[in-house]
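In what follows, a structure is listed as structure tokens, so that the remarks can point back to it.
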Amino acid sequence: MEPERDQPKESADLEALRARVAVLEARAPARHRPRARSFLAVLLVLVAAVLTPLSIVSTWAKNQIGNTDNYVAMMAPLASDPDVQSAVADRVTGAVMQHLDVKTLLSDVSPADRPVLDKALVTLNGPITTGISNFVHGTVEKFVASDAFATVWTDLNRAAQSATLKALSGSGGGAVKLTGDTVTIDLAPVIDRVKQRLVDRGLGVAAKIPEIHTDFTVLTSDAVGKAKKWFRALQIIGFWLPLVTLVLAAGGVLLAVCRRRALIMTALAVAAGAAVLGLALWVGRGFYLDSLPSGVSQPAAGSVFDALVDRMRAMVRLVVTLGIVVALAAWLTGEGRAAGRVMAMWSAGIGAVRQAAGFTGGPVGRWVHRARRPLNWAVVTVAAAVLVVWDRPTGMVTVWIALCALFVLAVVEFLDDDSSPHLVTPG
């Protein structure tokens, strides 16, 4: 009879085992779902990191190169750049002297004008041709250093729409020309003003110089022709690509199992993507200058290159800085030991100052304690907004914005009248 009594027990154990197996089988797919989510989250973050440099380039192409006002503002400082002035002076002087037949023109000088010309050339040494060349060069140098040249330079770039826009999109016209893979600006308006100055300085024969068209190289590279295929696309996606990149990065964070860790990795990945673009600009500048023809001034070409990519470099610095700040804030508000020690030192240090000063916040302190978290996020948000809207944030500007944000966070912590030390950072 004992076996019969054991049968119900065995049956119950068997049913319990079956139920347990069913539970385990139900859990098995659930274990795979986090893996799929994690894989998809990592994929989205990697795509966002890859699209980050393209987003910066597309924004630059649309807002800086494709916008006339922004382009003129970007190129205007070159009028006062010594290297550009020197290159323009050499180019204009050479063009004028090629069309200045000294013997023929001097034979046409009237007796009334001869004393003025002799006086202008009396201090010049060497052959008469060299003397006139130096005289012309000196006149050109004075002109390119004047406000009049800055006006001509600005008008030239504005009327032409954009030298780089002409090169990359094939649109535009006027004083801008695209020959092969070289972008040039016609300096005819500058030469006209120089001829008048030469006449005013006693070289009346300069008035007989015919209209001269000579080119000043703005950009030359084998990549210009290739970039034409992509520039229009970059202009079109200039607004949407950064938005898509942001959505992908946010999606990667939201899909992740550990969102705080994912936020840290996403911020660092985006910052790394921007840093790669910054490194490419630095390396590309050297390759570009080394590939220039012998007749192009390298210092002037370097100044033009720097002016063209200056805004892009500023965006790179901005994205890298924001990425590091977001990653640091997410790390400090986590539960890790190292972050906890850093936060404890922050709170303990400010708490010691508050205690030594005998400060009690009263109603204000109690309100700050209740609103501490929103206040801290508001400080970080305002600091980030200031950095974003700053026209060209340099490294020093970024440091000062960060120091001001830390100071305000310290003030919030100081005003908090909670008796126990606590961390005052976004969390």
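Quick note on naming: the chains in the structure tokens go A, B, ... in the order shown, residues restart at 1 in each chain, and ligands are numbered from 1 in order of appearance.
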Taking a cut-off of 9 Å and counting only C-alpha atoms, can you build a table that, for each residue of stretch 275-375 of chain A near stretch 58-67 of chain A, reports the nearest atom pair and how far apart they are in Å (one decimal), sorted by chain then residue number, as CSV?
residue,atom,partner,partner_atom,distance
A:Leu308,CA,A:Ile65,CA,8.2
A:Val309,CA,A:Trp60,CA,8.4
A:Arg311,CA,A:Trp60,CA,7.2
A:Met312,CA,A:Trp60,CA,6.0
A:Met315,CA,A:Trp60,CA,8.6
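Separating atom CA of A:Ala356 from atom CA of A:Glu335 is a distance of 29.1 Å.
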**Message:** Env of A:Ser303: 12 Å cut, atoms = only C-alpha atoms, seq-sep filter 4 positions within chain, self excluded. Answer as a ChimeraX atom specification.
**Reply:** /A:74-87,218-219,285,289,297-299,307-310
**Asked** If we count only C-alpha atoms, what is near stretch 260-262 of chain A at a cut-off of 8 Å, once residues fewer than 6 positions away on the same chain are taken out, given as number ranges by chain?
**Response** A: 252-253, 330-331, 334
**Request:** Enumerate the residues of stretch 327-413 of chain A with a DSSP assignment of helix (DSSP H, G or I), computed from the backbone, and present them as a VMD selection string.
**Result:** chain A and resid 327 to 332 337 to 357 362 to 370 372 to 389 395 to 413
Residues just named, written with C-alpha atoms as an mmCIF file, in the first residue's frame:
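As a result, again28.cif now contains:
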data_model
loop_
_atom_site.group_PDB
_atom_site.id
_atom_site.type_symbol
_atom_site.label_atom_id
_atom_site.label_comp_id
_atom_site.auth_asym_id
_atom_site.auth_seq_id
_atom_site.Cartn_x
_atom_site.Cartn_y
_atom_site.Cartn_z
ATOM 1 C CA ALA A 327 28.951 62.524 -19.550
ATOM 2 C CA LEU A 328 30.522 64.002 -16.418
ATOM 3 C CA ALA A 329 27.154 65.120 -15.026
ATOM 4 C CA ALA A 330 25.622 61.698 -15.666
ATOM 5 C CA TRP A 331 28.584 59.988 -14.019
ATOM 6 C CA LEU A 332 28.607 62.230 -10.960
ATOM 7 C CA ARG A 337 31.903 54.649 -5.550
ATOM 8 C CA ALA A 338 34.257 57.079 -7.258
ATOM 9 C CA ALA A 339 31.425 59.429 -8.167
ATOM 10 C CA GLY A 340 30.050 59.143 -4.638
ATOM 11 C CA ARG A 341 33.398 60.122 -3.137
ATOM 12 C CA VAL A 342 33.695 63.134 -5.457
ATOM 13 C CA MET A 343 30.187 64.281 -4.605
ATOM 14 C CA ALA A 344 30.753 63.729 -0.901
ATOM 15 C CA MET A 345 33.889 65.878 -0.998
ATOM 16 C CA TRP A 346 31.978 68.610 -2.859
ATOM 17 C CA SER A 347 29.125 68.655 -0.341
ATOM 18 C CA ALA A 348 31.393 68.288 2.688
ATOM 19 C CA GLY A 349 33.632 71.158 1.580
ATOM 20 C CA ILE A 350 30.786 73.596 1.015
ATOM 21 C CA GLY A 351 29.047 72.353 4.156
ATOM 22 C CA ALA A 352 32.177 73.095 6.180
ATOM 23 C CA VAL A 353 32.272 76.654 4.827
ATOM 24 C CA ARG A 354 28.586 77.131 5.646
ATOM 25 C CA GLN A 355 29.063 75.749 9.153
ATOM 26 C CA ALA A 356 32.153 77.883 9.787
ATOM 27 C CA ALA A 357 30.233 80.968 8.700
ATOM 28 C CA GLY A 362 15.856 80.220 6.982
ATOM 29 C CA PRO A 363 12.847 80.203 4.641
ATOM 30 C CA VAL A 364 15.089 80.779 1.631
ATOM 31 C CA GLY A 365 17.290 77.867 2.561
ATOM 32 C CA ARG A 366 14.312 75.562 3.047
ATOM 33 C CA TRP A 367 12.919 76.574 -0.340
ATOM 34 C CA VAL A 368 16.314 75.996 -1.988
ATOM 35 C CA HIS A 369 16.464 72.562 -0.345
ATOM 36 C CA ARG A 370 13.085 71.605 -1.789
ATOM 37 C CA ARG A 372 17.553 71.911 -5.260
ATOM 38 C CA ARG A 373 17.313 69.447 -8.125
ATOM 39 C CA PRO A 374 15.385 71.740 -10.534
ATOM 40 C CA LEU A 375 17.702 74.618 -9.641
ATOM 41 C CA ASN A 376 20.793 72.572 -10.441
ATOM 42 C CA TRP A 377 19.381 71.424 -13.774
ATOM 43 C CA ALA A 378 18.425 75.012 -14.559
ATOM 44 C CA VAL A 379 22.033 76.112 -13.964
ATOM 45 C CA VAL A 380 23.380 73.397 -16.256
ATOM 46 C CA THR A 381 20.757 74.161 -18.924
ATOM 47 C CA VAL A 382 21.500 77.890 -18.894
ATOM 48 C CA ALA A 383 25.254 77.251 -19.095
ATOM 49 C CA ALA A 384 24.753 74.893 -22.044
ATOM 50 C CA ALA A 385 22.459 77.413 -23.769
ATOM 51 C CA VAL A 386 25.035 80.200 -23.341
ATOM 52 C CA LEU A 387 27.702 77.966 -24.842
ATOM 53 C CA VAL A 388 25.456 77.063 -27.779
ATOM 54 C CA VAL A 389 24.438 80.635 -28.659
ATOM 55 C CA GLY A 395 38.614 77.345 -25.113
ATOM 56 C CA MET A 396 38.864 80.196 -22.616
ATOM 57 C CA VAL A 397 35.188 81.093 -23.095
ATOM 58 C CA THR A 398 34.237 77.477 -22.394
ATOM 59 C CA VAL A 399 36.353 77.409 -19.252
ATOM 60 C CA TRP A 400 34.791 80.632 -17.935
ATOM 61 C CA ILE A 401 31.258 79.382 -18.617
ATOM 62 C CA ALA A 402 32.058 76.167 -16.729
ATOM 63 C CA LEU A 403 33.570 78.088 -13.804
ATOM 64 C CA CYS A 404 30.522 80.359 -13.591
ATOM 65 C CA ALA A 405 28.221 77.334 -13.603
ATOM 66 C CA LEU A 406 30.243 75.690 -10.819
ATOM 67 C CA PHE A 407 30.114 78.898 -8.802
ATOM 68 C CA VAL A 408 26.315 79.103 -9.078
ATOM 69 C CA LEU A 409 26.003 75.417 -8.137
ATOM 70 C CA ALA A 410 28.180 76.106 -5.111
ATOM 71 C CA VAL A 411 25.908 79.021 -4.125
ATOM 72 C CA VAL A 412 22.863 76.741 -4.361
ATOM 73 C CA GLU A 413 24.577 74.191 -2.125
#
**Request:** Tell me which protein, DNA and RNA residues are within 12 Å of stretch 136-145 of chain A, counting only C-alpha atoms, leaving out same-chain ones fewer than 6 positions away, and put them as a PyMOL selection string.
**Result:** chain A and resi 78-98+100+120-121+124+129-130+151-153+187+190-203+206
**Request:** Kindly give the distance, in Å, that separates atom CA of A:Ala301 and atom CA of A:Trp282, rounded to a single decimal.
**Result:** 14.5 Å
**Asked** Within 9 Å of A:Leu241, counting only C-alpha atoms, which residues qualify if same-chain residues fewer than 3 places away don't, as number ranges by chain?
**Response** A: 51-52, 54-56, 58-59, 234, 237-238, 244-246
